[in-house]
$ cat structure-v3.json   # JSON, C-alpha atoms and all ligand atoms
[["chain", "number", "residue", "atom", "x", "y", "z"],
["Q", 1, "MET", "CA", 6.05, -63.77, -63.49],
["Q", 2, "SER", "CA", 3.48, -62.99, -60.79],
["Q", 3, "LEU", "CA", 3.68, -64.08, -57.17],
["Q", 4, "ASP", "CA", 0.69, -66.35, -57.83],
["Q", 5, "GLN", "CA", 2.54, -68.17, -60.62],
["Q", 6, "ILE", "CA", 5.55, -68.65, -58.36],
["Q", 7, "LEU", "CA", 3.44, -69.84, -55.44],
["Q", 8, "ALA", "CA", 1.75, -72.33, -57.78],
["Q", 9, "VAL", "CA", 5.03, -74.25, -58.11],
["Q", 10, "LEU", "CA", 5.92, -74.13, -54.42],
["Q", 11, "PRO", "CA", 4.36, -76.64, -52.01],
["Q", 12, "PRO", "CA", 1.40, -74.88, -50.30],
["Q", 13, "GLY", "CA", 1.99, -74.22, -46.62],
["Q", 14, "SER", "CA", 5.72, -74.85, -47.06],
["Q", 15, "GLY", "CA", 8.49, -72.65, -45.68],
["Q", 16, "GLU", "CA", 9.35, -71.75, -49.29],
["Q", 17, "GLU", "CA", 5.88, -70.36, -49.87],
["Q", 18, "ALA", "CA", 6.06, -68.20, -46.74],
["Q", 19, "LEU", "CA", 9.51, -66.92, -47.79],
["Q", 20, "ALA", "CA", 8.43, -66.19, -51.38],
["Q", 21, "ARG", "CA", 5.57, -64.02, -50.09],
["Q", 22, "GLN", "CA", 8.14, -61.72, -48.48],
["Q", 23, "ILE", "CA", 9.94, -60.95, -51.76],
["Q", 24, "ASP", "CA", 9.54, -57.46, -53.17],
["Q", 25, "PHE", "CA", 9.20, -58.29, -56.89],
["Q", 26, "ASP", "CA", 9.85, -54.67, -57.87],
["Q", 27, "ARG", "CA", 13.34, -54.87, -56.36],
["Q", 28, "LEU", "CA", 14.66, -58.20, -57.60],
["Q", 29, "PRO", "CA", 18.39, -58.43, -58.33],
["Q", 30, "ALA", "CA", 18.69, -58.22, -62.13],
["Q", 31, "HIS", "CA", 21.69, -60.55, -62.20],
["Q", 32, "VAL", "CA", 22.45, -63.29, -59.66],
["Q", 33, "ALA", "CA", 25.88, -64.93, -59.81],
["Q", 34, "VAL", "CA", 26.68, -68.10, -57.86],
["Q", 35, "ILE", "CA", 29.96, -69.69, -56.76],
["Q", 36, "MET", "CA", 28.86, -73.29, -56.26],
["Q", 37, "ASP", "CA", 31.20, -74.64, -53.59],
["Q", 38, "GLY", "CA", 31.33, -77.53, -51.16],
["Q", 39, "ASN", "CA", 30.65, -80.53, -53.41],
["Q", 40, "GLY", "CA", 33.83, -82.28, -52.23],
["Q", 41, "ARG", "CA", 33.01, -81.70, -48.55],
["Q", 42, "TRP", "CA", 29.43, -82.89, -49.06],
["Q", 43, "ALA", "CA", 30.80, -86.15, -50.50],
["Q", 44, "ALA", "CA", 33.47, -86.50, -47.80],
["Q", 45, "GLN", "CA", 30.83, -86.18, -45.07],
["Q", 46, "ARG", "CA", 29.14, -89.23, -46.62],
["Q", 47, "HIS", "CA", 32.39, -91.15, -47.22],
["Q", 48, "LEU", "CA", 31.76, -90.93, -50.95],
["Q", 49, "PRO", "CA", 34.18, -90.07, -53.77],
["Q", 50, "ARG", "CA", 34.33, -86.31, -54.55],
["Q", 51, "VAL", "CA", 32.60, -86.79, -57.90],
["Q", 52, "GLU", "CA", 29.45, -87.90, -56.07],
["Q", 53, "GLY", "CA", 29.28, -84.38, -54.64],
["Q", 54, "HIS", "CA", 29.35, -82.95, -58.17],
["Q", 55, "ARG", "CA", 26.70, -85.44, -59.26],
["Q", 56, "ALA", "CA", 24.44, -84.42, -56.36],
["Q", 57, "GLY", "CA", 25.17, -80.77, -57.18],
["Q", 58, "ILE", "CA", 23.33, -81.13, -60.48],
["Q", 59, "GLU", "CA", 19.99, -81.23, -58.63],
["Q", 60, "SER", "CA", 20.88, -77.90, -57.01],
["Q", 61, "VAL", "CA", 21.71, -76.47, -60.44],
["Q", 62, "ARG", "CA", 18.25, -77.54, -61.66],
["Q", 63, "GLU", "CA", 16.54, -75.96, -58.64],
["Q", 64, "VAL", "CA", 18.38, -72.66, -58.96],
["Q", 65, "VAL", "CA", 17.97, -72.36, -62.73],
["Q", 66, "GLU", "CA", 14.26, -73.09, -62.62],
["Q", 67, "GLY", "CA", 13.71, -71.09, -59.41],
["Q", 68, "SER", "CA", 15.52, -68.01, -60.76],
["Q", 69, "ALA", "CA", 13.62, -68.11, -64.06],
["Q", 70, "ARG", "CA", 10.28, -68.40, -62.27],
["Q", 71, "LEU", "CA", 11.10, -65.56, -59.87],
["Q", 72, "GLY", "CA", 11.85, -63.29, -62.82],
["Q", 73, "ILE", "CA", 15.63, -62.95, -62.44],
["Q", 74, "ARG", "CA", 16.98, -61.55, -65.74],
["Q", 75, "VAL", "CA", 20.46, -63.08, -65.66],
["Q", 76, "LEU", "CA", 21.84, -66.06, -63.73],
["Q", 77, "THR", "CA", 25.53, -66.99, -63.89],
["Q", 78, "LEU", "CA", 26.81, -70.22, -62.35],
["Q", 79, "TYR", "CA", 30.54, -70.84, -61.85],
["Q", 80, "ALA", "CA", 30.99, -74.44, -62.97],
["Q", 81, "PHE", "CA", 34.70, -74.70, -63.79],
["Q", 82, "SER", "CA", 37.54, -72.23, -63.38],
["Q", 83, "VAL", "CA", 40.75, -71.94, -65.38],
["Q", 84, "GLU", "CA", 42.47, -73.18, -62.19],
["Q", 85, "ASN", "CA", 40.28, -76.31, -61.92],
["Q", 86, "TRP", "CA", 42.45, -78.19, -64.47],
["Q", 87, "LYS", "CA", 44.80, -78.80, -61.51],
["Q", 88, "ARG", "CA", 42.27, -81.35, -60.17],
["Q", 89, "PRO", "CA", 42.72, -85.08, -60.84],
["Q", 90, "ALA", "CA", 41.98, -85.95, -64.48],
["Q", 91, "THR", "CA", 39.13, -88.29, -63.49],
["Q", 92, "GLU", "CA", 37.41, -85.50, -61.56],
["Q", 93, "VAL", "CA", 37.77, -83.09, -64.50],
["Q", 94, "SER", "CA", 36.39, -85.64, -66.98],
["Q", 95, "THR", "CA", 33.47, -86.45, -64.66],
["Q", 96, "LEU", "CA", 32.63, -82.75, -64.36],
["Q", 97, "MET", "CA", 32.63, -82.40, -68.15],
["Q", 98, "MET", "CA", 30.51, -85.54, -68.53],
["Q", 99, "LEU", "CA", 28.01, -84.23, -65.97],
["Q", 100, "LEU", "CA", 27.79, -80.92, -67.77],
["Q", 101, "LYS", "CA", 27.16, -82.65, -71.07],
["Q", 102, "ARG", "CA", 24.51, -84.86, -69.52],
["Q", 103, "TYR", "CA", 22.90, -81.87, -67.80],
["Q", 104, "LEU", "CA", 22.63, -79.95, -71.07],
["Q", 105, "ARG", "CA", 21.08, -82.90, -72.86],
["Q", 106, "SER", "CA", 18.57, -83.74, -70.16],
["Q", 107, "GLU", "CA", 17.63, -80.15, -69.33],
["Q", 108, "LEU", "CA", 17.32, -78.70, -72.82],
["Q", 109, "ASN", "CA", 13.56, -79.15, -72.79],
["Q", 110, "THR", "CA", 13.28, -77.48, -69.38],
["Q", 111, "LEU", "CA", 15.33, -74.56, -70.67],
["Q", 112, "LEU", "CA", 13.07, -74.26, -73.71],
["Q", 113, "ARG", "CA", 9.87, -74.64, -71.67],
["Q", 114, "ASN", "CA", 10.98, -71.89, -69.29],
["Q", 115, "ASP", "CA", 12.05, -69.56, -72.15],
["Q", 116, "ILE", "CA", 15.66, -69.60, -70.86],
["Q", 117, "ARG", "CA", 18.51, -68.47, -73.13],
["Q", 118, "PHE", "CA", 21.68, -70.42, -72.46],
["Q", 119, "ARG", "CA", 25.27, -69.53, -73.15],
["Q", 120, "VAL", "CA", 28.70, -70.31, -71.83],
["Q", 121, "ILE", "CA", 31.28, -67.77, -70.71],
["Q", 122, "GLY", "CA", 34.97, -68.64, -70.54],
["Q", 123, "ARG", "CA", 37.77, -70.01, -72.70],
["Q", 124, "THR", "CA", 35.61, -72.58, -74.50],
["Q", 125, "GLU", "CA", 38.23, -73.01, -77.23],
["Q", 126, "ASP", "CA", 40.35, -75.10, -74.78],
["Q", 127, "LEU", "CA", 37.52, -77.58, -74.12],
["Q", 128, "ALA", "CA", 37.16, -80.96, -75.83],
["Q", 129, "ALA", "CA", 35.41, -80.84, -79.21],
["Q", 130, "ASP", "CA", 32.38, -82.86, -78.02],
["Q", 131, "ILE", "CA", 31.83, -80.47, -75.07],
["Q", 132, "GLN", "CA", 32.17, -77.44, -77.35],
["Q", 133, "GLY", "CA", 29.61, -79.02, -79.69],
["Q", 134, "GLU", "CA", 27.16, -79.67, -76.85],
["Q", 135, "LEU", "CA", 27.52, -76.12, -75.54],
["Q", 136, "SER", "CA", 27.04, -74.45, -78.91],
["Q", 137, "ASP", "CA", 24.10, -76.72, -79.68],
["Q", 138, "ALA", "CA", 22.33, -75.73, -76.43],
["Q", 139, "ALA", "CA", 23.16, -72.05, -77.05],
["Q", 140, "ALA", "CA", 21.84, -72.19, -80.63],
["Q", 141, "LYS", "CA", 18.62, -74.00, -79.67],
["Q", 142, "THR", "CA", 17.82, -71.49, -76.92],
["Q", 143, "ALA", "CA", 19.11, -68.37, -78.74],
["Q", 144, "SER", "CA", 15.67, -67.01, -79.59],
["Q", 145, "ASN", "CA", 14.30, -67.42, -76.06],
["Q", 146, "ALA", "CA", 13.42, -64.11, -74.47],
["Q", 147, "GLY", "CA", 13.31, -65.04, -70.78],
["Q", 148, "MET", "CA", 16.17, -65.46, -68.33],
["Q", 149, "GLN", "CA", 19.74, -65.38, -69.63],
["Q", 150, "PHE", "CA", 21.56, -68.37, -68.10],
["Q", 151, "ASN", "CA", 25.35, -68.22, -68.26],
["Q", 152, "ILE", "CA", 27.55, -71.12, -67.26],
["Q", 153, "ALA", "CA", 31.11, -70.00, -66.50],
["Q", 154, "LEU", "CA", 33.30, -72.79, -67.80],
["Q", 155, "ASN", "CA", 37.07, -72.69, -68.02],
["Q", 156, "TYR", "CA", 36.51, -69.17, -66.74],
["Q", 157, "GLY", "CA", 38.90, -66.81, -64.96],
["Q", 158, "GLY", "CA", 38.16, -63.17, -64.15],
["Q", 159, "ARG", "CA", 41.70, -61.95, -64.74],
["Q", 160, "ALA", "CA", 41.96, -63.95, -67.98],
["Q", 161, "GLU", "CA", 38.70, -62.36, -69.15],
["Q", 162, "ILE", "CA", 40.05, -58.85, -68.49],
["Q", 163, "VAL", "CA", 43.36, -59.61, -70.27],
["Q", 164, "GLU", "CA", 41.40, -61.10, -73.20],
["Q", 165, "ALA", "CA", 39.27, -57.93, -73.41],
["Q", 166, "ALA", "CA", 42.39, -55.74, -73.37],
["Q", 167, "LYS", "CA", 43.95, -57.79, -76.18],
["Q", 168, "ARG", "CA", 40.83, -57.42, -78.32],
["Q", 169, "ILE", "CA", 40.73, -53.68, -77.69],
["Q", 170, "VAL", "CA", 44.37, -53.41, -78.86],
["Q", 171, "ALA", "CA", 43.67, -55.67, -81.87],
["Q", 172, "GLU", "CA", 40.74, -53.44, -82.87],
["Q", 173, "GLY", "CA", 42.99, -50.38, -82.62],
["Q", 174, "LEU", "CA", 40.58, -48.55, -80.33],
["Q", 175, "PRO", "CA", 42.09, -45.14, -79.47],
["Q", 176, "ALA", "CA", 42.84, -44.65, -75.77],
["Q", 177, "ASP", "CA", 40.53, -41.65, -75.46],
["Q", 178, "ALA", "CA", 37.61, -43.71, -76.82],
["Q", 179, "LEU", "CA", 37.96, -46.09, -73.89],
["Q", 180, "ASP", "CA", 35.97, -45.75, -70.70],
["Q", 181, "GLU", "CA", 34.40, -48.25, -68.28],
["Q", 182, "GLN", "CA", 31.26, -48.67, -70.38],
["Q", 183, "ARG", "CA", 33.21, -49.27, -73.60],
["Q", 184, "PHE", "CA", 35.61, -51.67, -71.84],
["Q", 185, "SER", "CA", 32.72, -53.74, -70.48],
["Q", 186, "GLU", "CA", 31.53, -54.29, -74.07],
["Q", 187, "PHE", "CA", 34.64, -56.45, -74.62],
["Q", 188, "LEU", "CA", 33.84, -58.77, -71.71],
["Q", 189, "TYR", "CA", 31.95, -62.07, -72.05],
["Q", 190, "THR", "CA", 28.97, -60.45, -70.33],
["Q", 191, "ALA", "CA", 28.68, -57.56, -72.82],
["Q", 192, "GLY", "CA", 25.15, -56.20, -72.85],
["Q", 193, "GLN", "CA", 24.19, -57.89, -69.57],
["Q", 194, "PRO", "CA", 23.64, -56.08, -66.28],
["Q", 195, "ASP", "CA", 26.39, -56.56, -63.68],
["Q", 196, "PRO", "CA", 25.58, -58.99, -60.85],
["Q", 197, "ASP", "CA", 23.64, -57.31, -58.05],
["Q", 198, "LEU", "CA", 23.91, -60.39, -55.87],
["Q", 199, "LEU", "CA", 26.81, -62.82, -55.57],
["Q", 200, "ILE", "CA", 26.01, -66.03, -53.68],
["Q", 201, "ARG", "CA", 28.73, -68.34, -52.40],
["Q", 202, "THR", "CA", 27.99, -71.65, -50.73],
["Q", 203, "SER", "CA", 29.97, -73.62, -48.13],
["Q", 204, "GLY", "CA", 31.05, -70.66, -46.04],
["Q", 205, "GLU", "CA", 34.21, -69.56, -47.83],
["Q", 206, "MET", "CA", 34.75, -65.78, -47.89],
["Q", 207, "ARG", "CA", 36.48, -65.54, -51.28],
["Q", 208, "VAL", "CA", 35.57, -64.36, -54.77],
["Q", 209, "SER", "CA", 37.91, -66.91, -56.43],
["Q", 210, "ASN", "CA", 38.64, -64.99, -59.65],
["Q", 211, "PHE", "CA", 34.92, -64.89, -60.55],
["Q", 212, "LEU", "CA", 33.53, -61.97, -62.60],
["Q", 213, "LEU", "CA", 36.13, -59.64, -61.06],
["Q", 214, "TRP", "CA", 35.16, -56.63, -63.17],
["Q", 215, "GLN", "CA", 31.43, -57.23, -63.00],
["Q", 216, "ILE", "CA", 31.06, -57.72, -59.20],
["Q", 217, "ALA", "CA", 32.44, -54.26, -58.38],
["Q", 218, "TYR", "CA", 29.23, -53.32, -56.56],
["Q", 219, "ALA", "CA", 27.61, -56.71, -56.03],
["Q", 220, "GLU", "CA", 26.15, -57.57, -52.65],
["Q", 221, "ILE", "CA", 27.82, -60.76, -51.41],
["Q", 222, "TRP", "CA", 25.82, -63.40, -49.55],
["Q", 223, "VAL", "CA", 27.66, -66.39, -48.13],
["Q", 224, "THR", "CA", 25.91, -69.42, -46.70],
["Q", 225, "ASP", "CA", 27.38, -72.40, -44.84],
["Q", 226, "THR", "CA", 25.07, -74.68, -46.85],
["Q", 227, "LEU", "CA", 27.08, -76.95, -49.14],
["Q", 228, "TRP", "CA", 26.15, -76.69, -52.82],
["Q", 229, "PRO", "CA", 24.47, -80.13, -53.12],
["Q", 230, "ASP", "CA", 22.10, -79.10, -50.27],
["Q", 231, "PHE", "CA", 21.24, -75.73, -51.85],
["Q", 232, "ARG", "CA", 17.56, -75.46, -52.77],
["Q", 233, "LYS", "CA", 15.05, -72.82, -53.97],
["Q", 234, "ARG", "CA", 14.43, -71.70, -50.39],
["Q", 235, "HIS", "CA", 18.14, -70.78, -50.01],
["Q", 236, "LEU", "CA", 17.90, -68.72, -53.20],
["Q", 237, "ILE", "CA", 14.85, -66.93, -51.78],
["Q", 238, "GLU", "CA", 16.71, -66.36, -48.48],
["Q", 239, "ALA", "CA", 19.59, -64.79, -50.42],
["Q", 240, "ILE", "CA", 17.21, -62.50, -52.31],
["Q", 241, "LEU", "CA", 15.50, -61.44, -49.09],
["Q", 242, "ALA", "CA", 18.87, -60.68, -47.48],
["Q", 243, "TYR", "CA", 19.83, -58.69, -50.60],
["Q", 244, "GLN", "CA", 16.61, -56.66, -50.36],
["Q", 245, "LYS", "CA", 17.51, -55.64, -46.80],
["Q", 246, "ARG", "CA", 20.90, -54.25, -47.85],
["Q", 247, "ASP", "CA", 21.48, -50.52, -48.21],
["Q", 248, "ARG", "CA", 23.27, -50.14, -51.57],
["Q", 249, "ARG", "CA", 25.27, -46.95, -51.71],
["Q", 250, "TYR", "CA", 27.65, -47.46, -54.66],
["Q", 251, "GLY", "CA", 30.23, -45.41, -52.78],
["Q", 252, "GLY", "CA", 27.80, -42.55, -52.16],
["Q", 253, "ILE", "CA", 25.62, -41.56, -49.24],
["Q", 254, "ASN", "CA", 22.15, -43.00, -49.07],
["Q", 255, "HIS", "CA", 21.09, -42.15, -45.56],
["Q", 256, "PRO", "CA", 17.62, -40.51, -45.53],
["Q", 257, "ALA", "CA", 18.91, -37.83, -43.15],
["Q", 258, "VAL", "CA", 21.63, -36.71, -45.58],
["Q", 259, "ALA", "CA", 20.29, -37.73, -49.00],
["Q", 260, "GLY", "CA", 19.54, -34.77, -51.21],
["Q", 261, "ARG", "CA", 21.85, -32.38, -49.36],
["M", 301, "LIG", "C1", 33.05, -76.74, -56.11],
["M", 301, "LIG", "O1", 33.08, -77.76, -55.15],
["M", 301, "LIG", "C2", 32.31, -77.13, -57.29],
["M", 301, "LIG", "C3", 32.83, -77.25, -58.54],
["M", 301, "LIG", "C4", 34.25, -77.00, -58.81],
["M", 301, "LIG", "C5", 32.04, -77.67, -59.70],
["M", 301, "LIG", "C6", 30.58, -77.34, -59.71],
["M", 301, "LIG", "C7", 29.94, -78.22, -60.70],
["M", 301, "LIG", "C8", 28.71, -78.80, -60.61],
["M", 301, "LIG", "C9", 27.75, -78.51, -59.55],
["M", 301, "LIG", "C10", 28.28, -79.80, -61.63],
["M", 301, "LIG", "C11", 28.24, -79.38, -63.06],
["M", 301, "LIG", "C12", 27.71, -78.04, -63.33],
["M", 301, "LIG", "C13", 26.67, -77.71, -64.14],
["M", 301, "LIG", "C14", 26.41, -76.25, -64.37],
["M", 301, "LIG", "C15", 25.75, -78.66, -64.79],
["M", 301, "LIG", "P1", 34.46, -78.33, -54.65],
["M", 301, "LIG", "O2", 34.73, -79.58, -55.39],
["M", 301, "LIG", "O3", 35.52, -77.30, -54.77],
["M", 301, "LIG", "O4", 34.11, -78.63, -53.15],
["M", 301, "LIG", "P2", 35.09, -78.60, -51.88],
["M", 301, "LIG", "O5", 35.57, -77.17, -51.73],
["M", 301, "LIG", "O6", 34.20, -79.03, -50.76],
["M", 301, "LIG", "O7", 36.19, -79.57, -52.16]]

$ encode --input "structure-v3.json" --output "structure tokens"
Amino acid sequence: MSLDQILAVLPPGSGEEALARQIDFDRLPAHVAVIMDGNGRWAAQRHLPRVEGHRAGIESVREVVEGSARLGIRVLTLYAFSVENWKRPATEVSTLMMLLKRYLRSELNTLLRNDIRFRVIGRTEDLAADIQGELSDAAAKTASNAGMQFNIALNYGGRAEIVEAAKRIVAEGLPADALDEQRFSEFLYTAGQPDPDLLIRTSGEMRVSNFLLWQIAYAEIWVTDTLWPDFRKRHLIEAILAYQKRDRRYGGINHPAVAGR
């Protein structure tokens, strides 16, 4: 995707356009992961039931999915429902599942039009049969798309994912000396995908909340006070610009004065 193609979908003269012009397209994060937080607070501020925050959050999901695909992000992972979220009231859980189902149905054409490949990561086997059907249908219909990989983390937990990987390694009888970090990562849900370079969290909380624990080892974390339902393309661009200003050292030394010594 060229800058011109991106600018064509942003309102001319808008703040978004000015921000997009600052992006260095040769140094985009390959994988952006997002902890979508603050839906409940957004609703409470408006004296609405919590589920209205989730409903409003769908528009932000649309913006970020389409925006990321157009910018040329290779992988986008959104944290929609954690293994801990079952503790929420049953009506909230069922509304979240209903919204997800509705989102997949209404957005399938957008995913296809934007060449986006969809899949879900998490313990899908515990989800209701109709949700599982909807998820596998969307994954199958977008499987041959070659553009952005869009993962929704659903009934996902980072520790559970690591334990699951370890169990599969044992079940396959992999000898201990054949195991290293690369081989281990091939047993995770994200096998074959680059690790997140950028982790975005909305609503100001400084936590990683059991999200992609293995994969975010070297991710740059960007936290915004913006609540998820207010998150728009321009916030995504702001996060990418902040990421491009970071000095990524991966535990080494990257200072020009000492590099190469
Ligand atoms: C966190 O806000 C948000 C969630 C637990 C769910 C996010 C889900 C959506 C945006 C809708 C469905 C998703 C997709 C991908 C279509 P919170 O309820 O914890 O907010 P709070 O911390 O302010 O209470």

$ residues_around --input "structure-v3.json" --residues "stretch 26-30 of chain Q" --least-positions-apart "3" --cutoff "6 Å" --atoms "all atoms listed in the file" --output "PyMOL selection string"
chain Q and resi 73-74+197

$ closest_residue --input "structure-v3.json" --among "Q:Thr190, Q:Asn109, Q:Ser203, Q:Ser136" --to "ligand LIG 301 (chain M)" --atoms "all atoms listed in the file"
Q:Ser203

$ closest_atom_pairs --input "structure-v3.json" --of "chain Q" --to "ligand LIG 301 (chain M)" --cutoff "10 Å" --atoms "all atoms listed in the file" --output "Markdown table"
| residue | atom | partner | partner_atom | distance |
| --- | --- | --- | --- | --- |
| Q:Ile35 | CA | M:LIG301 | C1 | 7.7 |
| Q:Met36 | CA | M:LIG301 | C2 | 5.3 |
| Q:Asp37 | CA | M:LIG301 | C1 | 3.8 |
| Q:Gly38 | CA | M:LIG301 | O6 | 3.3 |
| Q:Asn39 | CA | M:LIG301 | O4 | 4.0 |
| Q:Gly40 | CA | M:LIG301 | O6 | 3.6 |
| Q:Arg41 | CA | M:LIG301 | O6 | 3.7 |
| Q:Trp42 | CA | M:LIG301 | O6 | 6.4 |
| Q:Ala43 | CA | M:LIG301 | O6 | 7.9 |
| Q:Ala44 | CA | M:LIG301 | O6 | 8.1 |
| Q:Gln45 | CA | M:LIG301 | O6 | 9.7 |
| Q:Arg50 | CA | M:LIG301 | O2 | 6.8 |
| Q:Val51 | CA | M:LIG301 | O2 | 7.9 |
| Q:Glu52 | CA | M:LIG301 | O2 | 9.9 |
| Q:Gly53 | CA | M:LIG301 | O2 | 7.3 |
| Q:His54 | CA | M:LIG301 | C10 | 4.8 |
| Q:Arg55 | CA | M:LIG301 | C10 | 6.3 |
| Q:Ala56 | CA | M:LIG301 | C9 | 7.5 |
| Q:Gly57 | CA | M:LIG301 | C9 | 4.2 |
| Q:Ile58 | CA | M:LIG301 | C9 | 5.2 |
| Q:Glu59 | CA | M:LIG301 | C9 | 8.3 |
| Q:Ser60 | CA | M:LIG301 | C9 | 7.3 |
| Q:Val61 | CA | M:LIG301 | C14 | 6.1 |
| Q:Arg62 | CA | M:LIG301 | C15 | 8.2 |
| Q:Val65 | CA | M:LIG301 | C14 | 9.4 |
| Q:Thr77 | CA | M:LIG301 | C14 | 9.3 |
| Q:Leu78 | CA | M:LIG301 | C14 | 6.4 |
| Q:Tyr79 | CA | M:LIG301 | C6 | 6.8 |
| Q:Ala80 | CA | M:LIG301 | C6 | 4.4 |
| Q:Phe81 | CA | M:LIG301 | C4 | 5.5 |
| Q:Ser82 | CA | M:LIG301 | C4 | 7.4 |
| Q:Glu84 | CA | M:LIG301 | C4 | 9.7 |
| Q:Asn85 | CA | M:LIG301 | C4 | 6.8 |
| Q:Arg88 | CA | M:LIG301 | O2 | 9.1 |
| Q:Glu92 | CA | M:LIG301 | O2 | 9.0 |
| Q:Val93 | CA | M:LIG301 | C4 | 9.0 |
| Q:Thr95 | CA | M:LIG301 | C11 | 8.9 |
| Q:Leu96 | CA | M:LIG301 | C11 | 5.7 |
| Q:Met97 | CA | M:LIG301 | C11 | 7.4 |
| Q:Met98 | CA | M:LIG301 | C11 | 8.5 |
| Q:Leu99 | CA | M:LIG301 | C11 | 5.7 |
| Q:Leu100 | CA | M:LIG301 | C15 | 4.3 |
| Q:Lys101 | CA | M:LIG301 | C15 | 7.6 |
| Q:Arg102 | CA | M:LIG301 | C15 | 7.9 |
| Q:Tyr103 | CA | M:LIG301 | C15 | 5.2 |
| Q:Leu104 | CA | M:LIG301 | C15 | 7.1 |
| Q:Glu107 | CA | M:LIG301 | C15 | 9.4 |
| Q:Val120 | CA | M:LIG301 | C14 | 9.8 |
| Q:Phe150 | CA | M:LIG301 | C14 | 10.0 |
| Q:Asn151 | CA | M:LIG301 | C14 | 9.0 |
| Q:Ile152 | CA | M:LIG301 | C14 | 6.0 |
| Q:Ala153 | CA | M:LIG301 | C14 | 8.1 |
| Q:Leu154 | CA | M:LIG301 | C14 | 8.4 |
| Q:Thr202 | CA | M:LIG301 | C1 | 9.0 |
| Q:Ser203 | CA | M:LIG301 | O6 | 7.4 |
| Q:Gly204 | CA | M:LIG301 | O5 | 9.8 |
| Q:Glu205 | CA | M:LIG301 | O5 | 8.7 |
| Q:Leu227 | CA | M:LIG301 | O6 | 7.6 |
| Q:Trp228 | CA | M:LIG301 | C9 | 7.2 |
| Q:Pro229 | CA | M:LIG301 | C9 | 7.4 |

$ closest_residue --input "structure-v3.json" --among "Q:Gln149, Q:Ser209, Q:Gln215, Q:Asn254" --to "Q:Ser185" --atoms "all atoms listed in the file"
Q:Gln215

$ residues_around --input "structure-v3.json" --residues "Q:Ala165" --least-positions-apart "6" --cutoff "8 Å" --atoms "all atoms listed in the file" --output "count of residues only"
3

$ residues_around --input "structure-v3.json" --residues "Q:Tyr218" --least-positions-apart "5" --cutoff "9 Å" --atoms "only C-alpha atoms" --output "tab-separated table (two decimals) with C-alpha atoms, in the frame of the given file"
chain	number	residue	atom	x	y	z
Q	195	ASP	CA	26.39	-56.56	-63.68
Q	196	PRO	CA	25.58	-58.99	-60.85
Q	197	ASP	CA	23.64	-57.31	-58.05
Q	198	LEU	CA	23.91	-60.39	-55.87
Q	248	ARG	CA	23.27	-50.14	-51.57
Q	249	ARG	CA	25.27	-46.95	-51.71
Q	250	TYR	CA	27.65	-47.46	-54.66
Q	251	GLY	CA	30.23	-45.41	-52.78

$ residues_around --input "structure-v3.json" --residues "Q:Ala143" --least-positions-apart "2" --cutoff "9 Å" --atoms "all atoms listed in the file" --output "short mmCIF file (atom, residue, chain, number, x, y, z; two decimals) with C-alpha atoms, in the frame of the given file"
data_model
loop_
_atom_site.label_atom_id
_atom_site.label_comp_id
_atom_site.auth_asym_id
_atom_site.auth_seq_id
_atom_site.Cartn_x
_atom_site.Cartn_y
_atom_site.Cartn_z
CA ILE Q 116 15.66 -69.60 -70.86
CA ARG Q 117 18.51 -68.47 -73.13
CA PHE Q 118 21.68 -70.42 -72.46
CA ARG Q 119 25.27 -69.53 -73.15
CA ALA Q 138 22.33 -75.73 -76.43
CA ALA Q 139 23.16 -72.05 -77.05
CA ALA Q 140 21.84 -72.19 -80.63
CA LYS Q 141 18.62 -74.00 -79.67
CA ASN Q 145 14.30 -67.42 -76.06
CA ALA Q 146 13.42 -64.11 -74.47
#

$ atom_distance --input "structure-v3.json" --atom1 "atom CA of Q:Ala128" --atom2 "atom CA of Q:Thr110"
25.0 Å

$ atom_distance --input "structure-v3.json" --atom1 "atom CA of Q:Arg207" --atom2 "atom CA of Q:Tyr156"
15.9 Å

$ closest_residue --input "structure-v3.json" --among "Q:Val83, Q:Ala178, Q:Leu135, Q:Leu127" --to "Q:Gly157" --atoms "all atoms listed in the file"
Q:Val83

$ atom_distance --input "structure-v3.json" --atom1 "atom CA of Q:Ser68" --atom2 "atom CA of Q:Gly122"
21.8 Å

$ closest_residue --input "structure-v3.json" --among "Q:Glu220, Q:His31, Q:Glu186, Q:Thr226" --to "Q:Asp247" --atoms "all atoms listed in the file"
Q:Glu220

$ closest_residue --input "structure-v3.json" --among "Q:His47, Q:Val9, Q:Ala69, Q:Val32" --to "Q:Met148" --atoms "all atoms listed in the file"
Q:Ala69

$ closest_residue --input "structure-v3.json" --among "Q:Arg70, Q:Arg201, Q:Arg46, Q:Arg105" --to "Q:Glu134" --atoms "only C-alpha atoms"
Q:Arg105

$ residues_near_point --input "structure-v3.json" --point "(8.8, -60.9, -57.0)" --cutoff "8 Å" --atoms "all atoms listed in the file" --output "ChimeraX atom specification"
/Q:1-3,20,23-28,71-72

$ decode --input "structure-v3.json" --residues "stretch 47-62 of chain Q" --atoms "C-alpha atoms" --output "tab-separated table (two decimals), in the first residue's frame"
chain	number	residue	atom	x	y	z
Q	47	HIS	CA	-24.97	6.40	32.31
Q	48	LEU	CA	-25.46	3.49	29.92
Q	49	PRO	CA	-25.29	-0.26	30.62
Q	50	ARG	CA	-21.78	-1.74	30.17
Q	51	VAL	CA	-22.82	-3.65	27.06
Q	52	GLU	CA	-23.38	-0.33	25.26
Q	53	GLY	CA	-19.64	0.26	25.63
Q	54	HIS	CA	-18.94	-3.05	23.89
Q	55	ARG	CA	-21.46	-2.19	21.18
Q	56	ALA	CA	-19.76	1.17	20.57
Q	57	GLY	CA	-16.39	-0.60	20.61
Q	58	ILE	CA	-17.30	-2.44	17.42
Q	59	GLU	CA	-16.86	0.78	15.42
Q	60	SER	CA	-13.33	1.08	16.81
Q	61	VAL	CA	-12.65	-2.53	15.79
Q	62	ARG	CA	-13.75	-1.67	12.24
